[in-house]
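Trainee: Enclosed is the structure file coords.pdb (PDB, C-alpha atoms and all ligand atoms).
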```pdb
ATOM      1  CA  MET A 264     -53.744 121.772  48.188
ATOM      2  CA  ILE A 265     -50.367 122.010  46.476
ATOM      3  CA  LYS A 266     -50.045 124.916  44.065
ATOM      4  CA  VAL A 267     -47.841 124.826  40.952
ATOM      5  CA  ALA A 268     -46.246 128.063  39.720
ATOM      6  CA  PRO A 269     -44.615 127.600  36.298
ATOM      7  CA  SER A 270     -41.652 129.954  35.827
ATOM      8  CA  ILE A 271     -41.666 131.964  32.607
ATOM      9  CA  LEU A 272     -37.870 131.959  32.836
ATOM     10  CA  SER A 273     -38.182 128.816  30.713
ATOM     11  CA  ALA A 274     -40.862 130.210  28.381
ATOM     12  CA  ASN A 275     -40.089 131.209  24.816
ATOM     13  CA  PHE A 276     -39.442 134.947  25.178
ATOM     14  CA  ALA A 277     -40.189 135.416  21.460
ATOM     15  CA  ARG A 278     -43.757 134.137  21.980
ATOM     16  CA  MET A 279     -44.479 134.923  25.620
ATOM     17  CA  GLY A 280     -48.145 135.692  24.965
ATOM     18  CA  GLU A 281     -48.819 132.245  23.555
ATOM     19  CA  ASP A 282     -46.932 130.597  26.401
ATOM     20  CA  VAL A 283     -48.985 132.507  28.988
ATOM     21  CA  LYS A 284     -52.186 131.436  27.258
ATOM     22  CA  MET A 285     -50.885 127.846  27.340
ATOM     23  CA  LEU A 286     -50.393 128.198  31.112
ATOM     24  CA  ASN A 287     -53.946 129.528  31.472
ATOM     25  CA  GLN A 288     -55.197 126.329  29.853
ATOM     26  CA  SER A 289     -52.790 123.959  31.619
ATOM     27  CA  GLY A 290     -54.082 124.227  35.187
ATOM     28  CA  ALA A 291     -51.249 126.387  36.529
ATOM     29  CA  ASP A 292     -52.109 128.003  39.865
ATOM     30  CA  TRP A 293     -49.724 130.978  39.706
ATOM     31  CA  ILE A 294     -47.231 132.346  37.157
ATOM     32  CA  HIS A 295     -43.690 132.731  38.536
ATOM     33  CA  PHE A 296     -41.544 135.631  37.301
ATOM     34  CA  ASP A 297     -37.812 135.209  37.825
ATOM     35  CA  VAL A 298     -36.561 138.814  37.808
ATOM     36  CA  MET A 299     -32.760 139.038  37.607
ATOM     37  CA  ASP A 300     -30.639 142.215  37.498
ATOM     38  CA  GLY A 301     -27.196 140.840  36.666
ATOM     39  CA  HIS A 302     -25.858 142.063  40.048
ATOM     40  CA  PHE A 303     -27.345 139.760  42.696
ATOM     41  CA  VAL A 304     -27.178 136.876  40.199
ATOM     42  CA  PRO A 305     -24.992 136.404  37.081
ATOM     43  CA  ASN A 306     -27.904 136.733  34.652
ATOM     44  CA  ILE A 307     -30.406 139.335  33.428
ATOM     45  CA  THR A 308     -33.993 138.418  32.531
ATOM     46  CA  PHE A 309     -36.844 140.954  32.532
ATOM     47  CA  GLY A 310     -38.431 143.707  34.611
ATOM     48  CA  PRO A 311     -41.782 145.379  35.345
ATOM     49  CA  GLY A 312     -42.412 145.728  31.603
ATOM     50  CA  MET A 313     -42.756 141.978  31.199
ATOM     51  CA  CYS A 314     -45.101 141.857  34.194
ATOM     52  CA  ALA A 315     -47.246 144.655  32.711
ATOM     53  CA  ALA A 316     -47.318 142.902  29.324
ATOM     54  CA  VAL A 317     -48.436 139.597  30.828
ATOM     55  CA  ARG A 318     -50.931 141.067  33.304
ATOM     56  CA  PRO A 319     -53.839 141.557  30.848
ATOM     57  CA  LEU A 320     -53.346 138.036  29.435
ATOM     58  CA  THR A 321     -54.096 136.075  32.592
ATOM     59  CA  ALA A 322     -56.176 136.062  35.747
ATOM     60  CA  LEU A 323     -53.611 133.836  37.470
ATOM     61  CA  PRO A 324     -51.720 135.419  40.384
ATOM     62  CA  LEU A 325     -48.345 136.829  39.253
ATOM     63  CA  ASP A 326     -45.697 135.546  41.680
ATOM     64  CA  VAL A 327     -42.666 137.834  41.285
ATOM     65  CA  HIS A 328     -39.285 136.617  42.596
ATOM     66  CA  LEU A 329     -36.838 139.533  42.829
ATOM     67  CA  MET A 330     -33.261 138.354  42.363
ATOM     68  CA  VAL A 331     -31.980 141.923  42.481
ATOM     69  CA  SER A 332     -29.495 143.847  44.637
ATOM     70  CA  ASP A 333     -31.965 146.561  45.693
ATOM     71  CA  PRO A 334     -35.418 144.960  46.058
ATOM     72  CA  ALA A 335     -36.958 147.946  47.877
ATOM     73  CA  PHE A 336     -36.447 150.061  44.738
ATOM     74  CA  TRP A 337     -38.622 147.631  42.700
ATOM     75  CA  VAL A 338     -41.670 147.400  44.975
ATOM     76  CA  ASP A 339     -43.596 150.307  43.407
ATOM     77  CA  PRO A 340     -42.787 149.477  39.757
ATOM     78  CA  PHE A 341     -43.927 145.853  40.184
ATOM     79  CA  HIS A 342     -47.039 146.926  42.061
ATOM     80  CA  LYS A 343     -47.929 149.246  39.174
ATOM     81  CA  ALA A 344     -47.180 146.408  36.723
ATOM     82  CA  GLY A 345     -49.746 144.151  38.422
ATOM     83  CA  ALA A 346     -47.734 141.795  40.638
ATOM     84  CA  ASP A 347     -49.802 139.867  43.211
ATOM     85  CA  TRP A 348     -46.979 138.245  45.203
ATOM     86  CA  LEU A 349     -43.610 139.975  45.557
ATOM     87  CA  SER A 350     -40.667 138.156  47.124
ATOM     88  CA  ILE A 351     -37.337 139.622  48.209
ATOM     89  CA  HIS A 352     -34.100 137.796  49.031
ATOM     90  CA  ALA A 353     -33.247 138.119  52.754
ATOM     91  CA  GLU A 354     -29.589 138.230  51.672
ATOM     92  CA  THR A 355     -30.080 141.514  49.796
ATOM     93  CA  ASP A 356     -32.160 143.705  52.095
ATOM     94  CA  LYS A 357     -30.896 145.119  55.411
ATOM     95  CA  ASN A 358     -34.362 146.604  55.940
ATOM     96  CA  ALA A 359     -36.340 143.523  54.965
ATOM     97  CA  VAL A 360     -39.101 144.219  57.521
ATOM     98  CA  GLN A 361     -39.765 147.667  56.082
ATOM     99  CA  THR A 362     -39.757 146.327  52.533
ATOM    100  CA  LEU A 363     -42.128 143.485  53.429
ATOM    101  CA  GLU A 364     -44.429 145.956  55.207
ATOM    102  CA  LYS A 365     -44.388 148.231  52.168
ATOM    103  CA  ILE A 366     -45.285 145.320  49.859
ATOM    104  CA  ARG A 367     -48.277 144.481  52.064
ATOM    105  CA  SER A 368     -49.301 148.134  52.416
ATOM    106  CA  LEU A 369     -49.747 148.248  48.636
ATOM    107  CA  GLY A 370     -52.085 145.237  48.767
ATOM    108  CA  MET A 371     -49.635 142.618  47.488
ATOM    109  CA  LYS A 372     -48.626 139.430  49.314
ATOM    110  CA  ALA A 373     -45.087 139.625  50.718
ATOM    111  CA  GLY A 374     -42.475 136.886  50.424
ATOM    112  CA  VAL A 375     -38.956 136.325  51.663
ATOM    113  CA  VAL A 376     -36.484 134.151  49.753
ATOM    114  CA  LEU A 377     -33.513 132.185  51.117
ATOM    115  CA  ASN A 378     -30.685 130.832  48.961
ATOM    116  CA  PRO A 379     -29.713 127.179  49.461
ATOM    117  CA  ALA A 380     -26.775 128.053  51.744
ATOM    118  CA  THR A 381     -28.730 130.550  53.869
ATOM    119  CA  PRO A 382     -29.838 129.010  57.189
ATOM    120  CA  VAL A 383     -33.615 128.691  57.540
ATOM    121  CA  ASP A 384     -33.398 130.444  60.943
ATOM    122  CA  MET A 385     -32.792 133.669  59.019
ATOM    123  CA  ALA A 386     -36.467 133.597  58.047
ATOM    124  CA  GLU A 387     -37.736 133.313  61.641
ATOM    125  CA  PRO A 388     -37.719 137.042  62.590
ATOM    126  CA  LEU A 389     -39.401 137.863  59.272
ATOM    127  CA  LEU A 390     -42.261 135.360  59.533
ATOM    128  CA  PRO A 391     -44.731 137.830  61.103
ATOM    129  CA  TYR A 392     -44.237 140.124  58.103
ATOM    130  CA  CYS A 393     -44.644 137.660  55.265
ATOM    131  CA  ASP A 394     -47.248 135.535  53.496
ATOM    132  CA  LEU A 395     -44.706 133.309  51.780
ATOM    133  CA  VAL A 396     -41.197 131.932  52.282
ATOM    134  CA  LEU A 397     -39.449 130.794  49.105
ATOM    135  CA  LEU A 398     -36.638 128.288  49.666
ATOM    136  CA  MET A 399     -34.296 128.116  46.673
ATOM    137  CA  SER A 400     -33.505 124.527  45.751
ATOM    138  CA  VAL A 401     -30.875 125.636  43.229
ATOM    139  CA  ASN A 402     -28.427 128.534  43.298
ATOM    140  CA  PRO A 403     -30.275 131.441  41.699
ATOM    141  CA  GLY A 404     -29.564 132.611  38.181
ATOM    142  CA  PHE A 405     -30.596 129.901  35.765
ATOM    143  CA  GLY A 406     -33.370 127.428  35.056
ATOM    144  CA  GLY A 407     -32.747 123.756  34.338
ATOM    145  CA  GLN A 408     -30.291 123.162  37.201
ATOM    146  CA  ALA A 409     -30.126 120.082  39.432
ATOM    147  CA  PHE A 410     -32.153 120.061  42.672
ATOM    148  CA  ILE A 411     -30.118 120.502  45.886
ATOM    149  CA  PRO A 412     -31.416 117.780  48.287
ATOM    150  CA  SER A 413     -30.172 119.479  51.481
ATOM    151  CA  VAL A 414     -32.970 122.047  51.013
ATOM    152  CA  LEU A 415     -35.493 119.363  52.006
ATOM    153  CA  GLU A 416     -34.384 119.659  55.653
ATOM    154  CA  LYS A 417     -34.929 123.427  55.436
ATOM    155  CA  ILE A 418     -38.449 122.903  54.084
ATOM    156  CA  GLN A 419     -39.170 120.474  56.917
ATOM    157  CA  ALA A 420     -37.758 122.848  59.564
ATOM    158  CA  LEU A 421     -39.670 125.798  58.148
ATOM    159  CA  ARG A 422     -42.915 123.783  58.043
ATOM    160  CA  GLY A 423     -42.365 123.040  61.730
ATOM    161  CA  MET A 424     -41.779 126.721  62.551
ATOM    162  CA  VAL A 425     -44.785 127.951  60.576
ATOM    163  CA  ASP A 426     -47.154 125.311  61.982
ATOM    164  CA  ALA A 427     -45.921 125.816  65.567
ATOM    165  CA  LEU A 428     -46.679 129.534  65.223
ATOM    166  CA  GLY A 429     -50.021 128.823  63.534
ATOM    167  CA  LEU A 430     -49.134 131.157  60.671
ATOM    168  CA  ALA A 431     -50.795 130.926  57.246
ATOM    169  CA  ILE A 432     -47.552 131.192  55.292
ATOM    170  CA  GLU A 433     -46.986 129.498  51.928
ATOM    171  CA  ILE A 434     -43.742 127.531  51.666
ATOM    172  CA  GLU A 435     -42.492 127.643  48.087
ATOM    173  CA  ALA A 436     -39.697 125.503  46.598
ATOM    174  CA  ASP A 437     -37.956 126.872  43.526
ATOM    175  CA  GLY A 438     -35.446 125.151  41.302
ATOM    176  CA  GLY A 439     -34.902 121.677  39.900
ATOM    177  CA  ILE A 440     -38.530 120.678  40.492
ATOM    178  CA  ASN A 441     -39.679 117.603  38.544
ATOM    179  CA  PRO A 442     -42.135 114.820  39.461
ATOM    180  CA  LYS A 443     -39.500 113.077  41.639
ATOM    181  CA  THR A 444     -38.245 116.147  43.537
ATOM    182  CA  ALA A 445     -41.786 117.568  43.724
ATOM    183  CA  LYS A 446     -42.873 114.520  45.730
ATOM    184  CA  LEU A 447     -39.954 115.001  48.153
ATOM    185  CA  CYS A 448     -40.808 118.703  48.554
ATOM    186  CA  ARG A 449     -44.495 117.965  49.150
ATOM    187  CA  GLU A 450     -43.614 115.350  51.782
ATOM    188  CA  ALA A 451     -41.251 117.845  53.452
ATOM    189  CA  GLY A 452     -44.052 120.398  53.739
ATOM    190  CA  ALA A 453     -43.879 122.679  50.702
ATOM    191  CA  SER A 454     -47.211 124.152  49.569
ATOM    192  CA  VAL A 455     -46.128 125.850  46.315
ATOM    193  CA  LEU A 456     -43.792 124.404  43.691
ATOM    194  CA  VAL A 457     -42.046 126.535  41.064
ATOM    195  CA  ALA A 458     -41.222 124.660  37.874
ATOM    196  CA  GLY A 459     -39.735 126.142  34.719
ATOM    197  CA  ASN A 460     -37.885 123.556  32.722
ATOM    198  CA  ALA A 461     -40.154 120.661  33.739
ATOM    199  CA  VAL A 462     -43.312 122.445  32.538
ATOM    200  CA  PHE A 463     -42.027 124.127  29.389
ATOM    201  CA  SER A 464     -40.109 121.101  28.128
ATOM    202  CA  ALA A 465     -43.021 118.737  28.785
ATOM    203  CA  GLU A 466     -44.860 117.025  25.922
ATOM    204  CA  ASN A 467     -48.060 117.863  27.767
ATOM    205  CA  PRO A 468     -47.673 120.737  30.295
ATOM    206  CA  ALA A 469     -51.085 120.072  31.844
ATOM    207  CA  ASP A 470     -50.135 116.456  32.609
ATOM    208  CA  MET A 471     -46.799 117.640  34.018
ATOM    209  CA  ILE A 472     -48.511 120.185  36.288
ATOM    210  CA  ARG A 473     -50.862 117.494  37.521
ATOM    211  CA  SER A 474     -47.958 115.147  38.265
ATOM    212  CA  LEU A 475     -46.088 117.888  40.185
ATOM    213  CA  ARG A 476     -49.196 118.452  42.308
ATOM    214  CA  GLY A 477     -49.252 114.742  43.183
TER
HETATM  215  C1  LIG A 501     -33.336 130.294  39.473
HETATM  216  C2  LIG A 501     -34.802 130.333  39.121
HETATM  217  C3  LIG A 501     -35.209 128.924  38.700
HETATM  218  C4  LIG A 501     -36.557 128.827  38.107
HETATM  219  C5  LIG A 501     -37.005 127.387  38.004
HETATM  220  O1  LIG A 501     -32.881 131.563  39.712
HETATM  221  O2  LIG A 501     -35.544 130.799  40.233
HETATM  222  O3  LIG A 501     -35.139 128.126  39.845
HETATM  223  O4  LIG A 501     -37.455 129.511  38.888
HETATM  224  O5  LIG A 501     -36.117 126.736  37.239
HETATM  225  P1  LIG A 501     -36.252 125.179  36.871
HETATM  226  O6  LIG A 501     -37.643 124.719  37.274
HETATM  227  O7  LIG A 501     -36.052 125.143  35.373
HETATM  228  O8  LIG A 501     -35.197 124.492  37.644
HETATM  229 ZN    ZN A 502     -37.733 131.837  41.085
END
```
Could you quickly redo this structure as structure tokens?
Ligand code: DX5
Ligand code: ZN
Mentor:
Amino acid sequence: MIKVAPSILSANFARMGEDVKMLNQSGADWIHFDVMDGHFVPNITFGPGMCAAVRPLTALPLDVHLMVSDPAFWVDPFHKAGADWLSIHAETDKNAVQTLEKIRSLGMKAGVVLNPATPVDMAEPLLPYCDLVLLMSVNPGFGGQAFIPSVLEKIQALRGMVDALGLAIEIEADGGINPKTAKLCREAGASVLVAGNAVFSAENPADMIRSLRG
């Protein structure tokens, strides 16, 4: 069953509470938090405080995507803030295995993220330590960008790796997801779709979420 994780990067920051309540009523499966520190990516969004503020407003799993230069530093603060899934970029952490193990030791689900230009093979040695692999389908930093089609081959290759190993790992696509690209990602083997712009600019977010799920 395909899960849809709307990204609050595209929510109205001045009325985040209402937007979270809208997601609760729109059939979203998870809520995606795009955390950016202005170092790993050329943008700054929000931190554990936003996660802690949203936590009491929803029972949906909080899916935190760390686009930060020192992800290990943020594991404890996001655990305390109520994160359920915590994903780190393989490009930023020389000790990714330790960080993934720490995330799991605190009871969260651990994810590894690859940028569009990072070969999918980079995820292979980390698969035993994660519950999710997030494949960026845009270059990280901003919502509303165009989908990068070459990522579809990475999704397909990763699906093959995960299934061959019999691992229960979610494959998440993030960036430029709309009904058209969602279908391509589903067919390639993605199991979770992040959508910011498509959901928050939709006339009817619930209909949009349904159409992304296929
Ligand atoms: C990029 C972010 C975005 C966001 C989704 O750093 O990770 O990909 O989640 O953005 P949309 O769905 O608006 O392309
Ligand atoms: Zn993201």
Trainee: Here's the selection I'm unsure about, the PyMOL selection byres (((chain A and resi 463) around 10) and not hetatm); applied to the file above, which residues does it give, as a list in words?
Mentor: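 Expected selection for the PyMOL selection byres (((chain A and resi 463) around 10) and not hetatm) here is Pro269, Ser270, Ile271, Leu272, Ser273, Ala274, Asn275, Asp282, Met285, Leu286, Ala458, Gly459, Asn460, Ala461, Val462, Ser464, Ala465, Glu466, Asn467, Pro468 and Met471 of chain A.
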Trainee: Quick one: residues within 7 Å of A:Asp347, all atoms listed in the file counted, chain neighbours fewer than 5 positions away excluded, as a ChimeraX atom specification?
Mentor: /A:324-326,371-372
Trainee: Taking C-alpha atoms for each residue, export the selection above as a PDB file, keeping the file's coordinate frame.
Mentor:
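So selection-v4.pdb came out as:
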```pdb
ATOM      1  CA  PRO A 324     -51.720 135.419  40.384  1.00  0.00           C
ATOM      2  CA  LEU A 325     -48.345 136.829  39.253  1.00  0.00           C
ATOM      3  CA  ASP A 326     -45.697 135.546  41.680  1.00  0.00           C
ATOM      4  CA  MET A 371     -49.635 142.618  47.488  1.00  0.00           C
ATOM      5  CA  LYS A 372     -48.626 139.430  49.314  1.00  0.00           C
TER       6      LYS A 372
END
```
Trainee: Rank nothing, just name the residue among A:Gly290, A:Pro340, A:Gly345, A:Gly404 nearest to ligand LIG 501 (chain A), using all atoms listed in the file.
Mentor: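 Going through A:Gly290, A:Pro340, A:Gly345, A:Gly404 one by one, the smallest distance to ligand LIG 501 (chain A) is for A:Gly404.
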Trainee: I'd like to know which of A:His352, A:Arg278, A:Arg476, A:Arg318 is closest to ligand ZN 502 (chain A), using all atoms listed in the file.
Mentor: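 When distances to ligand ZN 502 (chain A) are compared using all atoms listed in the file, the smallest one comes from A:His352.
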Trainee: Let me make sure I understand: among A:Ala291, A:Ala315, A:Ala436, A:Ile366, which one has the smallest atom-to-atom distance to ligand LIG 501 (chain A) if we use all atoms listed in the file?
Mentor: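 Nearest candidate to ligand LIG 501 (chain A) out of A:Ala291, A:Ala315, A:Ala436, A:Ile366: A:Ala436.
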Trainee: Where does the PyMOL selection byres (((chain A and resi 424-429) around 10) and not hetatm) land in this file, that is, which residues does it pick, as a list in words?
Mentor: Val383, Asp384, Ala386, Glu387, Leu390, Pro391, Val396, Ile418, Gln419, Ala420, Leu421, Arg422, Gly423, Leu430, Ala431, Ile432, Glu433 and Ile434 of chain A
Trainee: Just the residues within 12 Å of A:Lys365, please, counting only C-alpha atoms, with nothing from its chain fewer than 2 positions along; format it as a list in words.
Mentor: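 Everything that qualifies: Pro334, Ala335, Phe336, Trp337, Val338, Asp339, His342, Leu349, Ser350, Ile351, Asn358, Ala359, Val360, Gln361, Thr362, Leu363, Arg367, Ser368, Leu369, Gly370, Met371, Lys372, Ala373, Gly374, Tyr392 and Cys393 of chain A.
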Trainee: Report, in Å to a single decimal, how far apart atom CA of A:Met399 and atom O5 of ligand LIG 501 (chain A) are.
Mentor: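 Separating atom O5 of ligand LIG 501 (chain A) from atom CA of A:Met399 is a distance of 9.7 Å.
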Trainee: Provide an axis-aligned box for all listed atoms of ligand LIG 501 (chain A), padding each side by 5 Å; report its centre and its edge lengths in Å to one decimal, as JSON.
Mentor:
```
{"center_x": -35.3, "center_y": 128.0, "center_z": 37.8, "size_x": 14.8, "size_y": 17.1, "size_z": 14.9}
```
Trainee: For the PyMOL selection byres (((not hetatm)) within 6 of (chain A and resi 502)), applied here, can you spell out every residue it catches as a VMD selection string?
Mentor: chain A and resid 297 328 437
Trainee: I need the residue nearest ligand LIG 501 (chain A) from this list: A:Asp292, A:Glu364, A:Asp394, A:Glu435. Use all atoms listed in the file for the distance.
Mentor: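 Using all atoms listed in the file, the shortest distance to ligand LIG 501 (chain A) belongs to A:Glu435.
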Trainee: Measuring atom to atom with all atoms listed in the file, identify which of A:Lys266, A:Arg449, A:His295, A:Lys443 is nearest to ligand LIG 501 (chain A).
Mentor: A:His295
Trainee: May I ask which of the residues A:Leu395, A:Ala451, A:Ala380, A:Val298 is the closest one to ligand LIG 501 (chain A), counting all atoms listed in the file?
Mentor: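 Closest candidate: A:Val298.
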Trainee: Interatomic distance between atom CA of A:Leu398 and atom CA of A:Asp300?
Mentor: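 Spanning atom CA of A:Leu398 to atom CA of A:Asp300 is a straight-line distance of 19.4 Å.
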Trainee: Hey, can you check how far atom CA of A:Leu329 sits from atom CA of A:Ser289?
Mentor: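 Atom CA of A:Leu329 sits 25.0 Å away from atom CA of A:Ser289.
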